[in-house]
Number of protein chains: 6
Amino acid sequence: MLTRPEIERVVAAALAEDAPWGDVTAEAFVPAAAQARAELVAREAGTFSGGDVFAAAFALTDAAIAVTVHVADGDTFAAGDVLATVTGPARGVLTAERIGLNFVQRMSGIATLTSRYVAAVAGTGARIADTRKTTPGLRAIERHAVRCGGGHNHRHSLSDAVMVKDNHLAVLTTAGTSITDALRSGMQSVPHTMRVEVEVDRLEQIPAVLAAGVDIIMLDNFALDDLRTGVALIAGRAVVEASGGVSLETVGAIAATGVDVVSVGALTHSARAIDLGLDIRVDAAPEAGAS
Amino acid sequence: MLTRPEIERVVAAALAEDAPWGDVTAEAFVPAAAQARAELVAREAGTFSGGDVFAAAFALTDAAIAVTVHVADGDTFAAGDVLATVTGPARGVLTAERIGLNFVQRMSGIATLTSRYVAAVAGTGARIADTRKTTPGLRAIERHAVRCGGGHNHRHSLSDAVMVKDNHLAVLTTAGTSITDALRSGMQSVPHTMRVEVEVDRLEQIPAVLAAGVDIIMLDNFALDDLRTGVALIAGRAVVEASGGVSLETVGAIAATGVDVVSVGALTHSARAIDLGLDIRVDAAPEAGAS
Amino acid sequence: MLTRPEIERVVAAALAEDAPWGDVTAEAFVPAAAQARAELVAREAGTFSGGDVFAAAFALTDAAIAVTVHVADGDTFAAGDVLATVTGPARGVLTAERIGLNFVQRMSGIATLTSRYVAAVAGTGARIADTRKTTPGLRAIERHAVRCGGGHNHRHSLSDAVMVKDNHLAVLTTAGTSITDALRSGMQSVPHTMRVEVEVDRLEQIPAVLAAGVDIIMLDNFALDDLRTGVALIAGRAVVEASGGVSLETVGAIAATGVDVVSVGALTHSARAIDLGLDIRVDAAPEAGAS
Amino acid sequence: MLTRPEIERVVAAALAEDAPWGDVTAEAFVPAAAQARAELVAREAGTFSGGDVFAAAFALTDAAIAVTVHVADGDTFAAGDVLATVTGPARGVLTAERIGLNFVQRMSGIATLTSRYVAAVAGTGARIADTRKTTPGLRAIERHAVRCGGGHNHRHSLSDAVMVKDNHLAVLTTAGTSITDALRSGMQSVPHTMRVEVEVDRLEQIPAVLAAGVDIIMLDNFALDDLRTGVALIAGRAVVEASGGVSLETVGAIAATGVDVVSVGALTHSARAIDLGLDIRVDAAPEAGAS
Amino acid sequence: MLTRPEIERVVAAALAEDAPWGDVTAEAFVPAAAQARAELVAREAGTFSGGDVFAAAFALTDAAIAVTVHVADGDTFAAGDVLATVTGPARGVLTAERIGLNFVQRMSGIATLTSRYVAAVAGTGARIADTRKTTPGLRAIERHAVRCGGGHNHRHSLSDAVMVKDNHLAVLTTAGTSITDALRSGMQSVPHTMRVEVEVDRLEQIPAVLAAGVDIIMLDNFALDDLRTGVALIAGRAVVEASGGVSLETVGAIAATGVDVVSVGALTHSARAIDLGLDIRVDAAPEAGAS
Amino acid sequence: MLTRPEIERVVAAALAEDAPWGDVTAEAFVPAAAQARAELVAREAGTFSGGDVFAAAFALTDAAIAVTVHVADGDTFAAGDVLATVTGPARGVLTAERIGLNFVQRMSGIATLTSRYVAAVAGTGARIADTRKTTPGLRAIERHAVRCGGGHNHRHSLSDAVMVKDNHLAVLTTAGTSITDALRSGMQSVPHTMRVEVEVDRLEQIPAVLAAGVDIIMLDNFALDDLRTGVALIAGRAVVEASGGVSLETVGAIAATGVDVVSVGALTHSARAIDLGLDIRVDAAPEAGAS
């Protein structure tokens, strides 16, 4: 659930960037009294995300514009479906058009791509998770889109979960401390509500990490055989996350190795925007008064 | 030239998103006294952009971190080149690493891709321009990156230049007015410092648009032959911009038709991040005091 | 068209400045239950601007206040006309009164003064334009007011159009480069959607500037005869803008020299606030309960 | 004393308005390596105000620019005096020039005008005070300028002092309550650190107001004779403030009536900007590298 | 009267802190369609404050939540009273519950404690005032709560009233100046709308301070006998404020010494939150659709 | 580690609240040229926290003030210790004094109280954790102070960990679902990096909760005997957290029951500010020039 202030924040920032002091084209070429009616139409099938954000783009531009969204976030749609209707002063509709479309296309693109990854691992018991590789400033709405597509969120930021990587391990073991002792030592100060994840890049690191009692082990860029061996080694004593080299082609086989989670940066950094169009019909105002 | 407040705004927003209340991993697993020295190293060749933004990512996280950037924005670099050096408290270096890298990789990616498009049209007299298809919130820094790569900026927003599209023309001609008269009418209220651009999607529209005395005509999704015909028709009476279906493969032929500008959405919406790495060496502090 | 976020930004800033922690007089001397009805009345004739801003001043102070604006931005009004009606809790009406009046008086003052300049050049073909000499923080609403008065906007900021002044020319020609070559060189990197304006202060500079192919030449502080000579020299090859020494007394003669644009700093830096009054009738609440 | 955050707030807002995404003219026509040296020179005599704000305009644009201010706020200066020196990258100096000048001209204009009013009442014992008629968003710096000129501040806002006007009195006396009782009643809830001021517009109102024990009585738009009568009536039992119809010509006579304070809206709403110039010398960089 | 922007500012800040990217528990464990009805119930008697702030907590989280507040700020209530009703989507109600409760409990706690101090001095003529010892960021709403409890506000900040303390006096008298002369000198530049308060910590300081003509004398940490002596010494020539060592047990005796004001830091820094509960009844949606 | 933007945010907000347009007392009664030297001195023993925040209070007020902090966050100190030294213009030192002290007293108070709780459970193996009962707007700095005292953080917000309470369970089991099934169902959508905590208020609820495989069980307001029984029942299959009725007197016995975590709201909502004083010595400037 996106909070209202977060939705307004991202939309207001986009509007301030794209129309900082209005829309000169609309003001010069569209009469003030002209009214528009527009439909958000799917040009291809997909999974919907971003209805509230789409609506806010128009409402923040001009409070006289009304938006009705006909589908819920997470619903699937077919090519040709009318997803939302926009009515109100034509100038504001034209000004907000691109901003509204950008958000809903990007979010629905993420939801749709996520749903394909989810479908590709159906039956394996593995979940699809996102990563921190989101667009700067849009993390909350992109993670929401991942959830709309049936995916799961990974940690949101450096503040809310622990992920120990090679650089951290290098420091921890500088003075000759073993990895196990080093991890145990650091884990003393981690909040008890957080899980501790450690990234490993070869099988030999697993026993020492496991001995420290960590919650999640990320197997980074492992071959399929090594993933299977890793799952067997860990044997349920930690959540197993696979990462690296994941595509729609490979994700099924990766999930079939028995890992619990497959994290996929592509969900957010490579999702193609879904092709949605805004079909606008502008009526010159009956009273014809351009101002 | 990016202004200092704009640089600080984008970096602070990214930091607030990625470490809203600190970095639990660094705090738990890295001693407070540990110092780090890191080098920004190119893993592949490219054109540099974002030095100030990279430096600000570390400085805003911890003012005790010093960053020296060894290349200027717009310089080219080779794989293996050391582009910047970062020294200071290890915790802050690790916290800011991803944010700093993200910006400089994205910006250098845009600069590099732009430079390839620029090279592909060398000798034709056409310039490469960006579009409004930038990442929400990052328009100013992405447009800066385009300039670093030798490209030119198109309009920044709806507020600073006029672009008349089909929807606008539809309104203008509702009451039976001719396109020429309609354009002339709207142009009366456009600031004299702005140029007026009109988008056309077929050759037949050009004479009426030209008759109105517009400054720029965008030929949208024209075949090469039609581009050549369009250029001949316009005959220097307006700037000719080609748009749509532009790739590194096609841009040379498009530019060779004689158009003045080729606008390329891909510069910003499809640039691949350049592979830059931050090689970090963390020293446990001599006094070994973890806090 | 002012965007809603911009209107709310300027009004909220004014309110935060003028009533940072409420209105002690209203709270101490006006019962909480008292209701007020107020009318915005013109004390003199003029051109209206700022209806939405006036309404927002009351709505942001107390959402229970209703405002109906009876005229559109750009309409003319006569002394005695009732321009808007405000009804709601008396405390909030009294708190917001000065802020609401300030904006609408200032904006209508600019619109009215602009309309006088526009009338003074009627029939000459010249347009009246504003300058960057606006009140810090209020540029968007003051430029809107200029448009309400029938004037045109000049560039909004340093970011959206090129204006080459003497300091720039001094740099350009330091190394012995001619003005023409220097201008041509710089113009290579200007976005194709922007016009290039050059300011000259004597007739001799015109041929070199014209040879560079600039779009607009500003004749700064020229005598009437020199303006006429300048217009003849330029002969339609660039837009001609006159600037400096412009007043309601002189603008007609300046426009009659054949220049295309007369830019007038006075529109925004010297417009007298229009005399509008808010006639308030406060009713003690029937239940007479002061809280 | 202006606080540092307030100075940075007003300057950053002005910069965001005047160069939201940089300065296209400087970037296109001034080499990145060019250095400038500029002097802030007085074109006329006056009283200085705004040194810190002037310096911040350049520092916020580019931290590499150094500003030295040679006079203190409140000092007087003569035509030709060099008030400050600016050195650093030419692009940033040119970008910030107008913003820096605007603030220091406006603030010094207010300080200078205030000092003339102060001189005009010398020897009378009356003080000159400002009003809330300040530029929206600039109240703190304009009130500072008034103090630099030897004037005094009135209340800052509706939140920090009580001023009972006719509309308030109308409510207070609706139910047949006497003015004295009504004022006494309201004064019960006024903080003991605040003074209570009541505005009257005719002599007959004074006894009732005085009987309530108010601290300050404002005689609004009184003739000189009535001012003298009012001062005699009040006889030291309240501070007497004269307001309305005050100009440099009339203020001496008004002060000579024996009033304690003369409040002058013109200090802030009608101060003419002092003529200060920024003489810039731009050096092409020795290495001549335009970027 | 709290202004609407101030209410929204504090609530939005609290929401951004407590649910920066939503409420994972509500999203995972509460169906999207579930509706809730909640009642704000008093678990103990008290004085109410914060109705608008409570309502805004829910409205800002989800605009579909409706809140009706049944009592006015300043009203008293008994244990068991239903103070407000909240209805709408269960997720948002649960997310906002703690923020809404926190504000109304804190504010009503301050109002209730204030009302006890006010009752304890009934009949003495002394007023109870707050201090600047408020929670950082919440000063405006905590001072509003003091007023709801029948207390009075002291100065809001360093900007709106003068309080001369020992450190200031130390500077003033460094060069051998007498306290009286020093105070008189400083008072020349204080705005005439502000009162001047001086803090003294022993009786001997009073005559010199009084001679300067200050408005308020604060007797800091005086014994009861000394307070009586101080009141007699001052004899109505200044407002007398007692401060220090004030508790519900001592305040009656302190007020009985004849002082005009007793300022009590405890009103805001030690008020216990009033025990208010939000009784929530969540209905699974009829259509039972968890999303 | 507090990030620099967070420190500046809280300090700037406090300064804007406490000196929105400067410090009238300092400006009227302290010469502009006066210099001060101040020492932060401990009046009682404690654990330090907030050095960076204390320094920022002065630096943001006037960049000419230098602050040296002599102890690190987390260090203990004795009564009489000099913790920091402040030097610079006296006006700014006096203006920032209260803000700087407030933060460091509050933070050191939390750190000191936390360290007492930590000492009281020494040897039991239980950790002391904070709660969300922090001061609105100050959560990040108060949680930092808890860590300085040797305590641990609980979840930061509703966004970063799951806590299922009675209201959530009520919804989950509405349709006759068992608690175990309901928890399992909801846990499907919780991010794998988060732990799931469930609050129970009687022993009978434990088996069903445990069966669902939750990570943490909070025993809320359990008697000591019941805590021991609960620990035995859970038998290491979940982290056990005790909450409710915790004081310095009871915490040792609670920890001795074998629970893993004792969460203590008092750490942040009831910590007494540590008594630290700022001993200021103000020197009138040699040149004695008050401005």
# chains A, B, ... in the order shown; residues from 1 in each chain; ligands from 1
>>> select_by_dssp(residues="range 2-125 of chain A", states="alpha helix (DSSP H)", output="ChimeraX atom specification")
/A:4-18,24-29,51-61,90-120
>>> interface_residues(of="chain D", to="chain F", cutoff="6 Å", atoms="only C-alpha atoms", output="PDB file with N, CA and C atoms, in the first residue's frame")
ATOM      1  N   MET D   1      20.463  40.054  13.295  1.00  0.00           N
ATOM      2  CA  MET D   1      21.360  39.013  12.800  1.00  0.00           C
ATOM      3  C   MET D   1      20.552  37.991  12.010  1.00  0.00           C
ATOM      4  N   LEU D   2      20.817  37.903  10.744  1.00  0.00           N
ATOM      5  CA  LEU D   2      20.160  36.892   9.933  1.00  0.00           C
ATOM      6  C   LEU D   2      20.816  35.545  10.203  1.00  0.00           C
ATOM      7  N   THR D   3      20.009  34.504  10.412  1.00  0.00           N
ATOM      8  CA  THR D   3      20.606  33.181  10.604  1.00  0.00           C
ATOM      9  C   THR D   3      21.053  32.615   9.258  1.00  0.00           C
ATOM     10  N   ARG D   4      22.049  31.755   9.338  1.00  0.00           N
ATOM     11  CA  ARG D   4      22.607  31.159   8.126  1.00  0.00           C
ATOM     12  C   ARG D   4      21.557  30.373   7.334  1.00  0.00           C
ATOM     13  N   ALA D 140      12.163  38.544   6.526  1.00  0.00           N
ATOM     14  CA  ALA D 140      13.280  38.572   7.487  1.00  0.00           C
ATOM     15  C   ALA D 140      14.434  39.422   6.977  1.00  0.00           C
TER      16      ALA D 140
END
>>> residues_around(residues="Ser185 in chain E", least_positions_apart="5", cutoff="10 Å", atoms="only C-alpha atoms", output="PyMOL selection string")
(chain E and resi 172+179-180+190+212) or (chain F and resi 28-29)
>>> residues_around(residues="Met163 in chain B", least_positions_apart="6", cutoff="8 Å", atoms="only C-alpha atoms", output="short mmCIF file (atom, residue, chain, number, x, y, z; two decimals) with C-alpha atoms, in the first residue's frame")
data_model
loop_
_atom_site.label_atom_id
_atom_site.label_comp_id
_atom_site.auth_asym_id
_atom_site.auth_seq_id
_atom_site.Cartn_x
_atom_site.Cartn_y
_atom_site.Cartn_z
CA THR A 25 1.95 24.86 -25.96
CA VAL B 196 7.80 26.84 -32.37
CA GLU B 197 8.11 23.23 -33.42
CA VAL B 198 5.37 21.25 -35.12
CA GLU B 199 5.29 17.49 -35.42
#
>>> residues_around(residues="Thr85 in chain D", least_positions_apart="6", cutoff="6 Å", atoms="only C-alpha atoms", output="ChimeraX atom specification")
/D:38-39,67-68
>>> residues_around(residues="Val69 in chain E", least_positions_apart="6", cutoff="9 Å", atoms="only C-alpha atoms", output="list of chain:residue names")
E:Leu40, E:Gly51, E:Asp52, E:Phe54, E:Ala55, E:Leu83, E:Ala84, E:Thr85, E:Val86
>>> residues_around(residues="Thr268 in chain A", least_positions_apart="6", cutoff="7 Å", atoms="only C-alpha atoms", output="PDB file with all heavy atoms, in the first residue's frame")
ATOM      1  N   ILE A 110       6.846  -3.177 -14.845  1.00  0.00           N
ATOM      2  CA  ILE A 110       7.498  -3.944 -13.785  1.00  0.00           C
ATOM      3  C   ILE A 110       6.586  -5.067 -13.298  1.00  0.00           C
ATOM      4  O   ILE A 110       7.017  -6.212 -13.115  1.00  0.00           O
ATOM      5  CB  ILE A 110       7.890  -3.009 -12.621  1.00  0.00           C
ATOM      6  CG1 ILE A 110       9.017  -2.069 -13.073  1.00  0.00           C
ATOM      7  CG2 ILE A 110       8.303  -3.813 -11.391  1.00  0.00           C
ATOM      8  CD1 ILE A 110       9.366  -0.977 -12.071  1.00  0.00           C
ATOM      9  N   LYS A 133      18.275  -2.346  -7.036  1.00  0.00           N
ATOM     10  CA  LYS A 133      18.585  -1.722  -8.329  1.00  0.00           C
ATOM     11  C   LYS A 133      17.343  -1.050  -8.911  1.00  0.00           C
ATOM     12  O   LYS A 133      16.886  -1.385 -10.007  1.00  0.00           O
ATOM     13  CB  LYS A 133      19.154  -2.765  -9.282  1.00  0.00           C
ATOM     14  CG  LYS A 133      20.539  -3.239  -8.823  1.00  0.00           C
ATOM     15  CD  LYS A 133      21.116  -4.340  -9.682  1.00  0.00           C
ATOM     16  CE  LYS A 133      22.469  -4.795  -9.106  1.00  0.00           C
ATOM     17  NZ  LYS A 133      22.967  -6.043  -9.716  1.00  0.00           N
ATOM     18  N   THR A 134      16.825  -0.100  -8.180  1.00  0.00           N
ATOM     19  CA  THR A 134      15.635   0.627  -8.603  1.00  0.00           C
ATOM     20  C   THR A 134      16.042   2.003  -9.115  1.00  0.00           C
ATOM     21  O   THR A 134      17.176   2.444  -8.927  1.00  0.00           O
ATOM     22  CB  THR A 134      14.677   0.790  -7.417  1.00  0.00           C
ATOM     23  OG1 THR A 134      15.414   1.401  -6.341  1.00  0.00           O
ATOM     24  CG2 THR A 134      14.156  -0.549  -6.940  1.00  0.00           C
ATOM     25  N   GLU A 142       8.284   1.438  -7.277  1.00  0.00           N
ATOM     26  CA  GLU A 142       8.718   0.277  -8.068  1.00  0.00           C
ATOM     27  C   GLU A 142       8.600  -1.021  -7.252  1.00  0.00           C
ATOM     28  O   GLU A 142       8.259  -2.071  -7.795  1.00  0.00           O
ATOM     29  CB  GLU A 142      10.144   0.501  -8.577  1.00  0.00           C
ATOM     30  CG  GLU A 142      10.192   1.640  -9.604  1.00  0.00           C
ATOM     31  CD  GLU A 142      11.526   1.817 -10.298  1.00  0.00           C
ATOM     32  OE1 GLU A 142      12.524   1.190  -9.855  1.00  0.00           O
ATOM     33  OE2 GLU A 142      11.600   2.583 -11.270  1.00  0.00           O
TER      34      GLU A 142
END
>>> select_by_dssp(residues="range 141-285 of chain C", states="strand (DSSP E or B)", output="PyMOL selection string")
chain C and resi 152+162-164+194+196-200+216-220+239-243+261-263+276-283
>>> write_last_selection(atoms="C-alpha atoms", output="PDB file, in the first residue's frame")
ATOM      1  CA  HIS C 152       3.923  38.545 -23.542  1.00  0.00           C
ATOM      2  CA  VAL C 162      20.093  32.656 -24.649  1.00  0.00           C
ATOM      3  CA  MET C 163      20.844  36.314 -24.117  1.00  0.00           C
ATOM      4  CA  VAL C 164      24.387  37.382 -24.962  1.00  0.00           C
ATOM      5  CA  MET C 194      15.993  28.088 -28.270  1.00  0.00           C
ATOM      6  CA  VAL C 196      19.619  33.405 -29.503  1.00  0.00           C
ATOM      7  CA  GLU C 197      19.306  37.030 -28.535  1.00  0.00           C
ATOM      8  CA  VAL C 198      22.190  39.500 -28.507  1.00  0.00           C
ATOM      9  CA  GLU C 199      22.125  42.837 -26.752  1.00  0.00           C
ATOM     10  CA  VAL C 200      23.811  45.752 -28.546  1.00  0.00           C
ATOM     11  CA  ILE C 216      16.808  38.473 -31.877  1.00  0.00           C
ATOM     12  CA  ILE C 217      18.720  41.715 -31.492  1.00  0.00           C
ATOM     13  CA  MET C 218      18.030  43.848 -28.477  1.00  0.00           C
ATOM     14  CA  LEU C 219      18.651  47.547 -29.037  1.00  0.00           C
ATOM     15  CA  ASP C 220      19.427  48.727 -25.539  1.00  0.00           C
ATOM     16  CA  VAL C 239      13.392  40.042 -34.373  1.00  0.00           C
ATOM     17  CA  VAL C 240      14.086  43.544 -33.052  1.00  0.00           C
ATOM     18  CA  GLU C 241      13.566  44.214 -29.373  1.00  0.00           C
ATOM     19  CA  ALA C 242      13.754  47.673 -27.841  1.00  0.00           C
ATOM     20  CA  SER C 243      14.673  48.005 -24.202  1.00  0.00           C
ATOM     21  CA  VAL C 261       9.032  43.821 -29.172  1.00  0.00           C
ATOM     22  CA  VAL C 262       9.295  46.388 -26.417  1.00  0.00           C
ATOM     23  CA  SER C 263      10.438  44.852 -23.152  1.00  0.00           C
ATOM     24  CA  LEU C 276      -9.102  46.231  -3.955  1.00  0.00           C
ATOM     25  CA  GLY C 277     -10.810  46.037  -0.588  1.00  0.00           C
ATOM     26  CA  LEU C 278     -12.183  43.151   1.398  1.00  0.00           C
ATOM     27  CA  ASP C 279     -15.406  44.276   3.019  1.00  0.00           C
ATOM     28  CA  ILE C 280     -15.927  41.959   5.948  1.00  0.00           C
ATOM     29  CA  ARG C 281     -19.095  41.459   7.929  1.00  0.00           C
ATOM     30  CA  VAL C 282     -18.468  39.376  11.008  1.00  0.00           C
ATOM     31  CA  ASP C 283     -21.431  37.873  12.817  1.00  0.00           C
TER      32      ASP C 283
END
>>> closest_residue(among="F:Pro207, F:Gly151, F:Gly230, F:Gly123", to="Ala253 in chain F", atoms="only C-alpha atoms")
F:Gly123
